[in-house]
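Asker: My structure is stored as protein_7.csv, with CSV, C-alpha atoms and all ligand atoms.
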```csv
chain,number,residue,atom,x,y,z
X,100,MET,CA,-50.3,3.9,27.7
X,101,SER,CA,-48.6,3.0,31.0
X,102,LEU,CA,-49.7,3.8,34.5
X,103,VAL,CA,-47.3,5.0,37.1
X,104,VAL,CA,-48.2,5.5,40.8
X,105,THR,CA,-45.7,7.7,42.6
X,106,ASP,CA,-45.3,10.2,45.3
X,107,ALA,CA,-45.6,13.7,43.9
X,108,ILE,CA,-45.5,17.4,44.9
X,109,VAL,CA,-47.3,20.2,43.0
X,110,LEU,CA,-44.8,22.9,42.0
X,111,HIS,CA,-46.8,24.9,39.5
X,112,ALA,CA,-50.4,24.9,38.5
X,113,PHE,CA,-52.5,26.8,36.0
X,114,ASP,CA,-56.0,26.6,34.5
X,115,TYR,CA,-56.4,24.9,31.2
X,116,LEU,CA,-59.4,25.4,28.9
X,117,GLU,CA,-62.7,25.7,30.8
X,118,SER,CA,-62.6,22.9,33.2
X,119,SER,CA,-59.1,21.5,33.6
X,120,ARG,CA,-55.8,22.3,35.1
X,121,ILE,CA,-52.2,21.6,34.1
X,122,LEU,CA,-49.8,20.9,36.8
X,123,ARG,CA,-46.0,20.7,36.9
X,124,ILE,CA,-45.0,18.2,39.6
X,125,VAL,CA,-41.8,16.6,40.9
X,126,THR,CA,-42.2,12.9,41.5
X,127,ARG,CA,-40.2,10.3,43.3
X,128,ASP,CA,-40.2,7.7,40.4
X,129,ALA,CA,-40.7,9.7,37.2
X,130,GLY,CA,-38.8,13.0,37.7
X,131,VAL,CA,-40.4,16.3,36.8
X,132,ARG,CA,-43.7,15.9,34.8
X,133,SER,CA,-46.3,18.0,33.2
X,134,VAL,CA,-49.8,16.5,33.9
X,135,LEU,CA,-53.3,17.3,32.8
X,136,ALA,CA,-56.0,17.1,35.5
X,137,ARG,CA,-59.2,16.8,33.5
X,138,GLY,CA,-62.3,18.3,35.0
X,139,ALA,CA,-60.3,19.6,38.0
X,140,ARG,CA,-62.1,22.9,37.9
X,141,ARG,CA,-65.5,21.6,37.2
X,142,SER,CA,-65.7,19.1,40.1
X,143,LYS,CA,-64.0,20.0,43.4
X,144,LYS,CA,-64.9,16.5,44.5
X,145,ARG,CA,-62.5,14.8,42.2
X,146,PHE,CA,-59.3,16.3,43.3
X,147,GLY,CA,-60.3,18.6,46.1
X,148,SER,CA,-57.4,20.7,47.4
X,149,ALA,CA,-54.9,18.2,46.2
X,150,LEU,CA,-54.0,20.3,43.3
X,151,ASP,CA,-53.0,23.3,45.3
X,152,LEU,CA,-49.5,24.6,45.1
X,153,TYR,CA,-47.0,22.5,47.1
X,154,ALA,CA,-49.6,19.8,48.0
X,155,GLN,CA,-48.0,16.4,48.2
X,156,GLY,CA,-49.7,13.1,47.6
X,157,VAL,CA,-49.7,9.8,45.6
X,158,ALA,CA,-50.4,10.5,42.0
X,159,GLN,CA,-51.6,8.2,39.3
X,160,LEU,CA,-50.1,9.2,36.0
X,161,HIS,CA,-51.0,7.8,32.6
X,162,MET,CA,-48.1,8.2,30.3
X,163,LYS,CA,-48.0,7.9,26.5
X,164,PRO,CA,-44.7,7.5,24.7
X,165,GLY,CA,-43.8,10.6,22.8
X,166,ARG,CA,-46.3,12.8,24.7
X,167,GLU,CA,-45.1,15.5,26.9
X,168,LEU,CA,-48.3,15.8,28.9
X,169,ASP,CA,-49.4,12.9,31.2
X,170,THR,CA,-52.9,12.5,32.4
X,171,LEU,CA,-53.5,12.6,36.1
X,172,SER,CA,-56.3,10.2,37.0
X,173,ASP,CA,-56.0,10.5,40.8
X,174,PHE,CA,-54.1,12.4,43.4
X,175,ASP,CA,-54.4,11.1,46.9
X,176,ILE,CA,-53.3,14.0,49.1
X,177,VAL,CA,-51.0,13.2,52.0
X,178,ARG,CA,-49.8,16.7,52.9
X,179,ALA,CA,-51.2,20.2,52.1
X,180,ARG,CA,-48.8,23.0,52.8
X,181,PRO,CA,-51.0,26.1,53.3
X,182,GLN,CA,-48.5,27.6,55.7
X,183,LEU,CA,-46.2,28.3,52.7
X,184,ALA,CA,-48.7,30.9,51.3
X,185,ARG,CA,-49.3,32.6,54.6
X,186,GLN,CA,-46.1,34.4,54.9
X,187,LEU,CA,-44.2,36.3,52.3
X,188,SER,CA,-40.7,35.1,52.9
X,189,ARG,CA,-41.8,31.5,53.0
X,190,PHE,CA,-43.8,31.9,49.8
X,191,ALA,CA,-40.9,33.6,48.0
X,192,GLY,CA,-38.5,30.9,49.2
X,193,ALA,CA,-40.8,28.0,48.1
X,194,GLY,CA,-41.2,29.7,44.7
X,195,ALA,CA,-37.5,29.8,44.2
X,196,ILE,CA,-37.1,26.1,45.1
X,197,ALA,CA,-39.9,25.2,42.8
X,198,GLU,CA,-38.5,27.1,39.9
X,199,LEU,CA,-35.0,25.6,40.3
X,200,THR,CA,-36.4,22.2,40.3
X,201,LEU,CA,-38.7,22.6,37.4
X,202,ARG,CA,-36.1,24.4,35.3
X,203,PHE,CA,-33.2,22.1,35.8
X,204,ALA,CA,-34.5,18.6,36.7
X,205,SER,CA,-35.2,15.9,34.1
X,206,ASP,CA,-38.0,13.3,33.7
X,207,ALA,CA,-35.7,10.6,35.1
X,208,ALA,CA,-36.5,9.0,38.4
X,209,ASP,CA,-34.6,10.8,41.1
X,210,PRO,CA,-35.6,9.9,44.7
X,211,GLY,CA,-32.8,12.0,46.1
X,212,LEU,CA,-34.1,15.1,44.4
X,213,PHE,CA,-37.7,14.4,45.4
X,214,GLU,CA,-36.6,14.1,49.0
X,215,ALA,CA,-34.5,17.3,48.9
X,216,VAL,CA,-37.5,19.2,47.6
X,217,GLU,CA,-39.9,17.6,50.1
X,218,SER,CA,-37.7,18.3,53.1
X,219,THR,CA,-36.9,21.8,51.9
X,220,LEU,CA,-40.6,22.7,51.6
X,221,GLU,CA,-41.2,21.3,55.1
X,222,SER,CA,-38.4,23.3,56.6
X,223,ILE,CA,-39.5,26.5,54.8
X,224,GLY,CA,-43.1,26.0,56.1
X,225,ASP,CA,-41.8,25.6,59.7
X,226,ALA,CA,-39.4,28.6,59.4
X,227,ALA,CA,-39.8,31.8,61.3
X,228,PRO,CA,-40.0,34.8,58.9
X,229,ASP,CA,-36.4,35.8,59.6
X,230,ALA,CA,-35.1,32.3,59.2
X,231,ALA,CA,-36.8,31.5,55.9
X,232,ARG,CA,-34.0,32.9,53.8
X,233,ALA,CA,-31.3,30.6,55.3
X,234,VAL,CA,-33.6,27.6,55.1
X,235,THR,CA,-34.3,28.4,51.4
X,236,LEU,CA,-30.6,28.8,50.7
X,237,ALA,CA,-29.9,25.4,52.4
X,238,GLY,CA,-32.6,23.8,50.2
X,239,ALA,CA,-31.4,25.4,47.0
X,240,TRP,CA,-27.8,24.1,47.5
X,241,ARG,CA,-29.1,20.7,48.4
X,242,VAL,CA,-31.2,20.6,45.2
X,243,LEU,CA,-28.2,21.6,43.2
X,244,ARG,CA,-26.2,18.8,44.8
X,245,GLU,CA,-28.9,16.4,43.8
X,246,LEU,CA,-28.8,17.7,40.3
X,247,GLY,CA,-25.0,17.0,40.3
X,248,ILE,CA,-23.7,20.5,40.2
X,249,ALA,CA,-22.5,21.2,43.7
X,250,PRO,CA,-19.4,23.4,44.1
X,251,THR,CA,-16.4,22.2,46.0
X,252,VAL,CA,-15.9,23.7,49.5
X,253,ASP,CA,-12.8,21.9,51.0
X,254,THR,CA,-11.1,20.8,47.8
X,255,CYS,CA,-9.6,23.0,45.2
X,256,ALA,CA,-11.8,23.0,42.1
X,257,GLU,CA,-8.8,23.3,39.9
X,258,CYS,CA,-6.1,21.1,41.2
X,259,HIS,CA,-8.1,19.0,43.8
X,260,ALA,CA,-5.7,19.8,46.7
X,261,PRO,CA,-7.3,20.0,50.1
X,262,VAL,CA,-8.2,23.6,51.2
X,263,ASP,CA,-8.0,24.4,54.9
X,264,GLY,CA,-11.5,24.6,56.2
X,265,GLY,CA,-10.8,27.4,58.6
X,266,ALA,CA,-9.3,29.8,56.1
X,267,THR,CA,-10.6,32.5,53.9
X,268,ALA,CA,-10.5,31.1,50.3
X,269,MET,CA,-11.2,32.2,46.8
X,270,PHE,CA,-14.4,30.9,45.3
X,271,SER,CA,-14.4,30.8,41.5
X,272,HIS,CA,-17.7,30.2,39.6
X,273,PRO,CA,-16.1,29.2,36.3
X,274,ALA,CA,-13.8,26.7,38.1
X,275,GLY,CA,-16.7,25.3,40.1
X,276,GLY,CA,-15.9,26.1,43.7
X,277,THR,CA,-13.2,26.9,46.2
X,278,LEU,CA,-9.6,27.3,45.1
X,279,CYS,CA,-6.4,26.6,47.0
X,280,GLU,CA,-4.1,29.5,47.7
X,281,ARG,CA,-1.9,28.8,44.6
X,282,CYS,CA,-4.9,28.5,42.2
X,283,GLY,CA,-6.6,31.4,43.9
X,284,HIS,CA,-3.6,33.6,43.0
X,285,LEU,CA,-3.8,32.6,39.4
X,286,ALA,CA,-7.6,33.0,39.1
X,287,ARG,CA,-8.8,35.9,37.0
X,288,SER,CA,-11.9,36.4,39.0
X,289,GLY,CA,-13.6,35.1,42.1
X,290,ARG,CA,-15.0,36.0,45.5
X,291,ARG,CA,-13.1,35.7,48.7
X,292,LEU,CA,-15.2,33.5,51.1
X,293,PRO,CA,-14.5,33.9,54.8
X,294,PRO,CA,-14.5,30.7,56.9
X,295,ASP,CA,-18.1,31.3,58.2
X,296,ALA,CA,-19.4,31.6,54.7
X,297,ARG,CA,-17.7,28.4,53.7
X,298,ALA,CA,-19.0,26.7,56.8
X,299,ALA,CA,-22.6,27.6,55.8
X,300,LEU,CA,-22.1,26.3,52.3
X,301,ARG,CA,-20.5,23.1,53.6
X,302,ASP,CA,-23.4,22.5,56.0
X,303,TRP,CA,-26.1,23.3,53.4
X,304,LEU,CA,-24.6,21.0,50.8
X,305,ASN,CA,-24.5,18.2,53.4
X,306,GLY,CA,-28.2,18.7,54.1
X,307,ASP,CA,-27.4,20.2,57.6
X,308,GLU,CA,-28.9,23.2,59.2
X,309,HIS,CA,-27.0,26.4,59.3
X,310,SER,CA,-28.6,29.7,60.4
X,311,LEU,CA,-27.3,33.1,59.5
X,312,THR,CA,-27.0,35.9,61.9
X,313,THR,CA,-27.4,39.0,59.8
X,314,ALA,CA,-29.4,40.0,56.8
X,315,ASP,CA,-26.2,41.1,55.0
X,316,GLU,CA,-24.9,37.6,55.3
X,317,GLY,CA,-28.1,36.3,53.8
X,318,ARG,CA,-27.9,38.7,50.9
X,319,ALA,CA,-24.3,37.8,50.3
X,320,HIS,CA,-25.2,34.1,50.1
X,321,GLN,CA,-28.1,34.8,47.8
X,322,ARG,CA,-25.7,36.7,45.5
X,323,LEU,CA,-23.2,33.8,45.5
X,324,LEU,CA,-26.0,31.3,44.7
X,325,ARG,CA,-27.3,33.5,41.9
X,326,GLU,CA,-23.8,33.9,40.3
X,327,PHE,CA,-23.3,30.1,40.6
X,328,LEU,CA,-26.6,29.4,38.9
X,329,HIS,CA,-25.9,31.9,36.2
X,330,GLU,CA,-22.5,30.3,35.5
X,331,HIS,CA,-23.7,26.7,35.5
X,332,LEU,CA,-27.3,26.5,34.7
X,333,THR,CA,-29.3,29.3,33.3
X,334,GLU,CA,-29.9,29.5,29.6
X,335,ASP,CA,-31.1,32.9,28.5
X,336,ARG,CA,-34.3,32.8,30.4
X,337,PRO,CA,-34.4,34.7,33.6
X,338,LEU,CA,-35.3,33.0,36.9
X,339,ARG,CA,-38.2,35.1,37.8
X,340,ALA,CA,-39.2,33.5,41.1
X,341,PHE,CA,-35.6,33.3,42.2
X,342,ASP,CA,-35.2,37.0,41.4
X,343,ALA,CA,-38.4,37.8,43.3
X,344,TRP,CA,-37.1,35.9,46.3
X,345,GLU,CA,-33.9,37.7,46.2
X,346,ARG,CA,-35.5,41.1,46.0
X,347,GLU,CA,-38.1,40.4,48.7
X,348,THR,CA,-39.5,43.9,48.2
X,349,LEU,CA,-42.5,42.8,46.1
X,350,THR,CA,-46.1,42.7,47.4
X,351,ALA,CA,-47.6,39.2,47.9
X,352,GLY,CA,-49.8,39.7,44.9
X,353,GLU,CA,-46.8,40.5,42.6
X,354,LEU,CA,-44.9,37.5,44.0
X,355,ILE,CA,-47.7,35.1,43.3
X,356,SER,CA,-48.0,36.3,39.7
X,357,GLU,CA,-44.2,36.1,39.3
X,358,ALA,CA,-44.0,32.7,40.8
X,359,THR,CA,-46.7,31.2,38.6
X,360,GLN,CA,-45.6,32.6,35.3
X,401,ZN,ZN,-5.5,24.4,43.5
```
Represent the supplied structure as structure tokens.
Answerer:
Amino acid sequence: MSLVVTDAIVLHAFDYLESSRILRIVTRDAGVRSVLARGARRSKKRFGSALDLYAQGVAQLHMKPGRELDTLSDFDIVRARPQLARQLSRFAGAGAIAELTLRFASDAADPGLFEAVESTLESIGDAAPDAARAVTLAGAWRVLRELGIAPTVDTCAECHAPVDGGATAMFSHPAGGTLCERCGHLARSGRRLPPDARAALRDWLNGDEHSLTTADEGRAHQRLLREFLHEHLTEDRPLRAFDAWERETLTAGELISEATQ
């Protein structure tokens, strides 16, 4: 058995047997882990609020080779994020980010991914209700970049020629991003992205802020992201929290149950 002490964020939590909880966490030094918090429900003293969704702290993990479930012996909380649950658009956005991370990250150390999730949850928690969608979009693209599957924005995904940043350009999901004019004409399918949509994508992939002015813009970007995920990542399983975030018509209770399944 080896002990790993690492920064961690709770992305999913559910009760296990009578007294324990199982958490899925993203860590700085050990990737995404499933951990057993023994006695977490019996004694509030032991873990306190540290095991709430999106709480961040220093976790002590006991790992056994060949076992998928680590044992959590201590979680020293640094940051609780109750503000994420207080507002529907924030909660839906955080759920989508958590789902992307849990579904597609590995158990390899990945500080860049950890920091992308950390800063995205911070930004969503600070976001005004009408800004939460853009902040979530930004975070999702940044997480994808950390996972190594970012689309091209200013280079042709087929022939690698530069693509004028101020032009409307074809975006092809199978090709993996923006296409130059010549490759765009040859592409069998794709979406035409106007310059402002490309600017948003460019900024988000670089970790920069980029706010959206209309709800339609936000929905178009959500659709682009969903199509990209579908092309490059999803197996057959649906992304339930992501879908709930995109619909944003659910009640808070439905969202919570979707996000935690
Ligand atoms: Zn090209």
Asker: Tell me, as number ranges by chain, which residues lie within 8 Å of range 114-119 of chain X, counting all atoms listed in the file; anything in the same chain fewer than 5 positions away does not count.
Answerer: X: 135-141
Asker: Provide the CA of Leu152 in chain X to CA of Arg166 in chain X distance in Å, to one decimal place.
Answerer: 23.8 Å
Asker: Step by step, measure atom-to-atom distances between ligand ZN 401 (chain X) and each residue using only C-alpha atoms and all ligand atoms, keep those at most 12 Å, then write them as a list of chain:residue names.
Answerer: X:Thr251, X:Asp253, X:Thr254, X:Cys255, X:Ala256, X:Glu257, X:Cys258, X:His259, X:Ala260, X:Pro261, X:Val262, X:Asp263, X:Ala268, X:Met269, X:Phe270, X:Ser271, X:Ala274, X:Gly275, X:Gly276, X:Thr277, X:Leu278, X:Cys279, X:Glu280, X:Arg281, X:Cys282, X:Gly283, X:His284, X:Leu285, X:Ala286
Asker: Which polymer residues have any atom within 8 Å of an atom of Thr219 in chain X, counting only C-alpha atoms, with same-chain residues fewer than 6 positions away left out, as a ChimeraX atom specification?
Answerer: /X:234-235,237-238
Asker: Got a sec: who's within 10 Å of range 124-132 of chain X, counting all atoms listed in the file, leaving out chain neighbours fewer than 3 positions off, as number ranges by chain?
Answerer: X: 103-112, 121, 135, 150, 152-158, 160, 162, 167-169, 197, 200-214, 216-217
Asker: Please, what distance in Å, to one decimal, runs between CA of Gln182 in chain X and CA of Glu198 in chain X?
Answerer: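 These atoms are spaced 18.7 Å apart.
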Asker: Using all atoms listed in the file, which residue out of X:Leu324, X:Asp151, X:Arg241, X:Gly247 lies closest to Arg180 in chain X?
Answerer: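 Using all atoms listed in the file, Arg180 in chain X sits closest to X:Asp151.
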Asker: Measuring between all atoms listed in the file, which one of X:Pro337, X:Ser101, X:Ala195, X:Arg123 shows the shortest distance to Pro164 in chain X?
Answerer: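 Among X:Pro337, X:Ser101, X:Ala195, X:Arg123, it is X:Ser101 that comes nearest to Pro164 in chain X.
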Asker: Skip Leu183 in chain X itself and residues of its chain fewer than 2 positions away, then list as a PyMOL selection string all residues within 9 Å of it, counting all atoms listed in the file.
Answerer: chain X and resi 153+180-181+185-193+220-221+223-225
Asker: Find the residues of range 235-332 of chain X that sit at most 10 Å from range 341-347 of chain X; for each, write down the nearest two atoms and how far apart they are in Å, to one decimal. Count only C-alpha atoms. Sort by chain, then by number going up, and give it as a Markdown table.
Answerer:
```
| residue | atom | partner | partner_atom | distance |
| --- | --- | --- | --- | --- |
| X:Thr235 | CA | X:Trp344 | CA | 9.5 |
| X:Gly317 | CA | X:Glu345 | CA | 9.7 |
| X:Arg318 | CA | X:Glu345 | CA | 7.7 |
| X:Gln321 | CA | X:Glu345 | CA | 6.7 |
| X:Arg322 | CA | X:Glu345 | CA | 8.3 |
| X:Arg325 | CA | X:Phe341 | CA | 8.3 |
```
Asker: Report as a VMD selection string all protein, DNA and RNA residues lying within 9 Å of Arg297 in chain X, evaluated on only C-alpha atoms, omitting residues in the same chain fewer than 4 positions from it.
Answerer: chain X and resid 252 to 253 264 to 268 277 292 to 293 301 to 302
Asker: Taking C-alpha atoms for each residue, export the selection above as a short mmCIF file (atom, residue, chain, number, x, y, z; two decimals), in the coordinates of the input.
Answerer:
```cif
data_model
loop_
_atom_site.label_atom_id
_atom_site.label_comp_id
_atom_site.auth_asym_id
_atom_site.auth_seq_id
_atom_site.Cartn_x
_atom_site.Cartn_y
_atom_site.Cartn_z
CA VAL X 252 -15.90 23.70 49.50
CA ASP X 253 -12.80 21.90 51.00
CA GLY X 264 -11.50 24.60 56.20
CA GLY X 265 -10.80 27.40 58.60
CA ALA X 266 -9.30 29.80 56.10
CA THR X 267 -10.60 32.50 53.90
CA ALA X 268 -10.50 31.10 50.30
CA THR X 277 -13.20 26.90 46.20
CA LEU X 292 -15.20 33.50 51.10
CA PRO X 293 -14.50 33.90 54.80
CA ARG X 301 -20.50 23.10 53.60
CA ASP X 302 -23.40 22.50 56.00
#
```
Asker: As an exercise, work out the distance from CA of Val242 in chain X to CA of Ile196 in chain X in Å and give it to one decimal place.
Answerer: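 Result for CA of Val242 in chain X versus CA of Ile196 in chain X: 8.1 Å, one decimal.
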Asker: Go through X:His309, X:His331, X:Arg244, X:Arg120 and flag the residue nearest His272 in chain X, using all atoms listed in the file for the distances.
Answerer: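 Result for the nearest residue to His272 in chain X: X:His331.
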Asker: Which residue out of X:Ala249, X:Ser310, X:Leu199, X:Gly165 has the minimum interatomic distance to Ala227 in chain X when all atoms listed in the file are used?
Answerer: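 Counting all atoms listed in the file, the residue closest to Ala227 in chain X is X:Ser310.
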Asker: Starting from the sparse input, extend range 213-224 of chain X to all heavy atoms and give the output as a PDB file, keeping the file's coordinate frame.
Answerer:
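Result went into rebuild.pdb, see below:
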```
ATOM      1  N   PHE X 213     -36.304  14.307  44.836  1.00  0.00           N
ATOM      2  CA  PHE X 213     -37.700  14.400  45.400  1.00  0.00           C
ATOM      3  C   PHE X 213     -37.572  14.674  46.913  1.00  0.00           C
ATOM      4  O   PHE X 213     -38.253  15.552  47.450  1.00  0.00           O
ATOM      5  CB  PHE X 213     -38.445  13.124  45.134  1.00  0.00           C
ATOM      6  CG  PHE X 213     -39.827  13.159  45.702  1.00  0.00           C
ATOM      7  CD1 PHE X 213     -40.869  13.761  45.002  1.00  0.00           C
ATOM      8  CD2 PHE X 213     -40.099  12.629  46.963  1.00  0.00           C
ATOM      9  CE1 PHE X 213     -42.144  13.836  45.533  1.00  0.00           C
ATOM     10  CE2 PHE X 213     -41.368  12.694  47.502  1.00  0.00           C
ATOM     11  CZ  PHE X 213     -42.403  13.297  46.786  1.00  0.00           C
ATOM     12  N   GLU X 214     -36.704  13.921  47.585  1.00  0.00           N
ATOM     13  CA  GLU X 214     -36.600  14.100  49.000  1.00  0.00           C
ATOM     14  C   GLU X 214     -36.001  15.440  49.417  1.00  0.00           C
ATOM     15  O   GLU X 214     -36.387  16.021  50.440  1.00  0.00           O
ATOM     16  CB  GLU X 214     -35.787  12.927  49.629  1.00  0.00           C
ATOM     17  CG  GLU X 214     -36.642  11.672  49.744  1.00  0.00           C
ATOM     18  CD  GLU X 214     -35.834  10.381  49.753  1.00  0.00           C
ATOM     19  OE1 GLU X 214     -34.654  10.415  50.162  1.00  0.00           O
ATOM     20  OE2 GLU X 214     -36.409   9.347  49.343  1.00  0.00           O
ATOM     21  N   ALA X 215     -35.101  15.946  48.594  1.00  0.00           N
ATOM     22  CA  ALA X 215     -34.500  17.300  48.900  1.00  0.00           C
ATOM     23  C   ALA X 215     -35.626  18.339  48.765  1.00  0.00           C
ATOM     24  O   ALA X 215     -35.719  19.238  49.606  1.00  0.00           O
ATOM     25  CB  ALA X 215     -33.397  17.577  47.894  1.00  0.00           C
ATOM     26  N   VAL X 216     -36.466  18.249  47.747  1.00  0.00           N
ATOM     27  CA  VAL X 216     -37.500  19.200  47.600  1.00  0.00           C
ATOM     28  C   VAL X 216     -38.554  19.083  48.728  1.00  0.00           C
ATOM     29  O   VAL X 216     -38.975  20.077  49.341  1.00  0.00           O
ATOM     30  CB  VAL X 216     -38.256  19.040  46.218  1.00  0.00           C
ATOM     31  CG1 VAL X 216     -39.465  19.951  46.121  1.00  0.00           C
ATOM     32  CG2 VAL X 216     -37.291  19.323  45.072  1.00  0.00           C
ATOM     33  N   GLU X 217     -38.894  17.842  49.036  1.00  0.00           N
ATOM     34  CA  GLU X 217     -39.900  17.600  50.100  1.00  0.00           C
ATOM     35  C   GLU X 217     -39.386  18.166  51.440  1.00  0.00           C
ATOM     36  O   GLU X 217     -40.110  18.913  52.110  1.00  0.00           O
ATOM     37  CB  GLU X 217     -40.065  16.066  50.243  1.00  0.00           C
ATOM     38  CG  GLU X 217     -40.983  15.639  51.359  1.00  0.00           C
ATOM     39  CD  GLU X 217     -41.016  14.117  51.495  1.00  0.00           C
ATOM     40  OE1 GLU X 217     -39.958  13.459  51.311  1.00  0.00           O
ATOM     41  OE2 GLU X 217     -42.094  13.580  51.776  1.00  0.00           O
ATOM     42  N   SER X 218     -38.148  17.859  51.817  1.00  0.00           N
ATOM     43  CA  SER X 218     -37.700  18.300  53.100  1.00  0.00           C
ATOM     44  C   SER X 218     -37.476  19.828  53.129  1.00  0.00           C
ATOM     45  O   SER X 218     -37.682  20.485  54.158  1.00  0.00           O
ATOM     46  CB  SER X 218     -36.468  17.547  53.593  1.00  0.00           C
ATOM     47  OG  SER X 218     -35.335  18.009  52.948  1.00  0.00           O
ATOM     48  N   THR X 219     -37.105  20.391  51.981  1.00  0.00           N
ATOM     49  CA  THR X 219     -36.900  21.800  51.900  1.00  0.00           C
ATOM     50  C   THR X 219     -38.269  22.555  52.112  1.00  0.00           C
ATOM     51  O   THR X 219     -38.375  23.535  52.871  1.00  0.00           O
ATOM     52  CB  THR X 219     -36.289  22.264  50.595  1.00  0.00           C
ATOM     53  OG1 THR X 219     -35.003  21.667  50.504  1.00  0.00           O
ATOM     54  CG2 THR X 219     -36.142  23.776  50.507  1.00  0.00           C
ATOM     55  N   LEU X 220     -39.310  22.079  51.444  1.00  0.00           N
ATOM     56  CA  LEU X 220     -40.600  22.700  51.600  1.00  0.00           C
ATOM     57  C   LEU X 220     -41.127  22.590  53.035  1.00  0.00           C
ATOM     58  O   LEU X 220     -41.732  23.510  53.585  1.00  0.00           O
ATOM     59  CB  LEU X 220     -41.625  22.123  50.614  1.00  0.00           C
ATOM     60  CG  LEU X 220     -41.350  22.423  49.131  1.00  0.00           C
ATOM     61  CD1 LEU X 220     -42.382  21.739  48.248  1.00  0.00           C
ATOM     62  CD2 LEU X 220     -41.325  23.927  48.847  1.00  0.00           C
ATOM     63  N   GLU X 221     -40.856  21.436  53.652  1.00  0.00           N
ATOM     64  CA  GLU X 221     -41.200  21.300  55.100  1.00  0.00           C
ATOM     65  C   GLU X 221     -40.513  22.285  55.942  1.00  0.00           C
ATOM     66  O   GLU X 221     -41.112  22.928  56.800  1.00  0.00           O
ATOM     67  CB  GLU X 221     -40.878  19.850  55.537  1.00  0.00           C
ATOM     68  CG  GLU X 221     -41.833  18.775  55.076  1.00  0.00           C
ATOM     69  CD  GLU X 221     -43.249  18.975  55.622  1.00  0.00           C
ATOM     70  OE1 GLU X 221     -43.400  19.097  56.844  1.00  0.00           O
ATOM     71  OE2 GLU X 221     -44.174  19.032  54.796  1.00  0.00           O
ATOM     72  N   SER X 222     -39.212  22.413  55.719  1.00  0.00           N
ATOM     73  CA  SER X 222     -38.400  23.300  56.600  1.00  0.00           C
ATOM     74  C   SER X 222     -38.838  24.774  56.343  1.00  0.00           C
ATOM     75  O   SER X 222     -38.897  25.549  57.294  1.00  0.00           O
ATOM     76  CB  SER X 222     -36.926  23.209  56.222  1.00  0.00           C
ATOM     77  OG  SER X 222     -36.509  21.887  56.340  1.00  0.00           O
ATOM     78  N   ILE X 223     -39.108  25.146  55.094  1.00  0.00           N
ATOM     79  CA  ILE X 223     -39.500  26.500  54.800  1.00  0.00           C
ATOM     80  C   ILE X 223     -40.867  26.791  55.513  1.00  0.00           C
ATOM     81  O   ILE X 223     -41.092  27.845  56.107  1.00  0.00           O
ATOM     82  CB  ILE X 223     -39.608  26.824  53.316  1.00  0.00           C
ATOM     83  CG1 ILE X 223     -38.221  26.735  52.675  1.00  0.00           C
ATOM     84  CG2 ILE X 223     -40.198  28.211  53.064  1.00  0.00           C
ATOM     85  CD1 ILE X 223     -38.225  26.865  51.149  1.00  0.00           C
ATOM     86  N   GLY X 224     -41.752  25.807  55.457  1.00  0.00           N
ATOM     87  CA  GLY X 224     -43.100  26.000  56.100  1.00  0.00           C
ATOM     88  C   GLY X 224     -42.992  26.126  57.594  1.00  0.00           C
ATOM     89  O   GLY X 224     -43.844  26.779  58.197  1.00  0.00           O
TER      90      GLY X 224
END
```
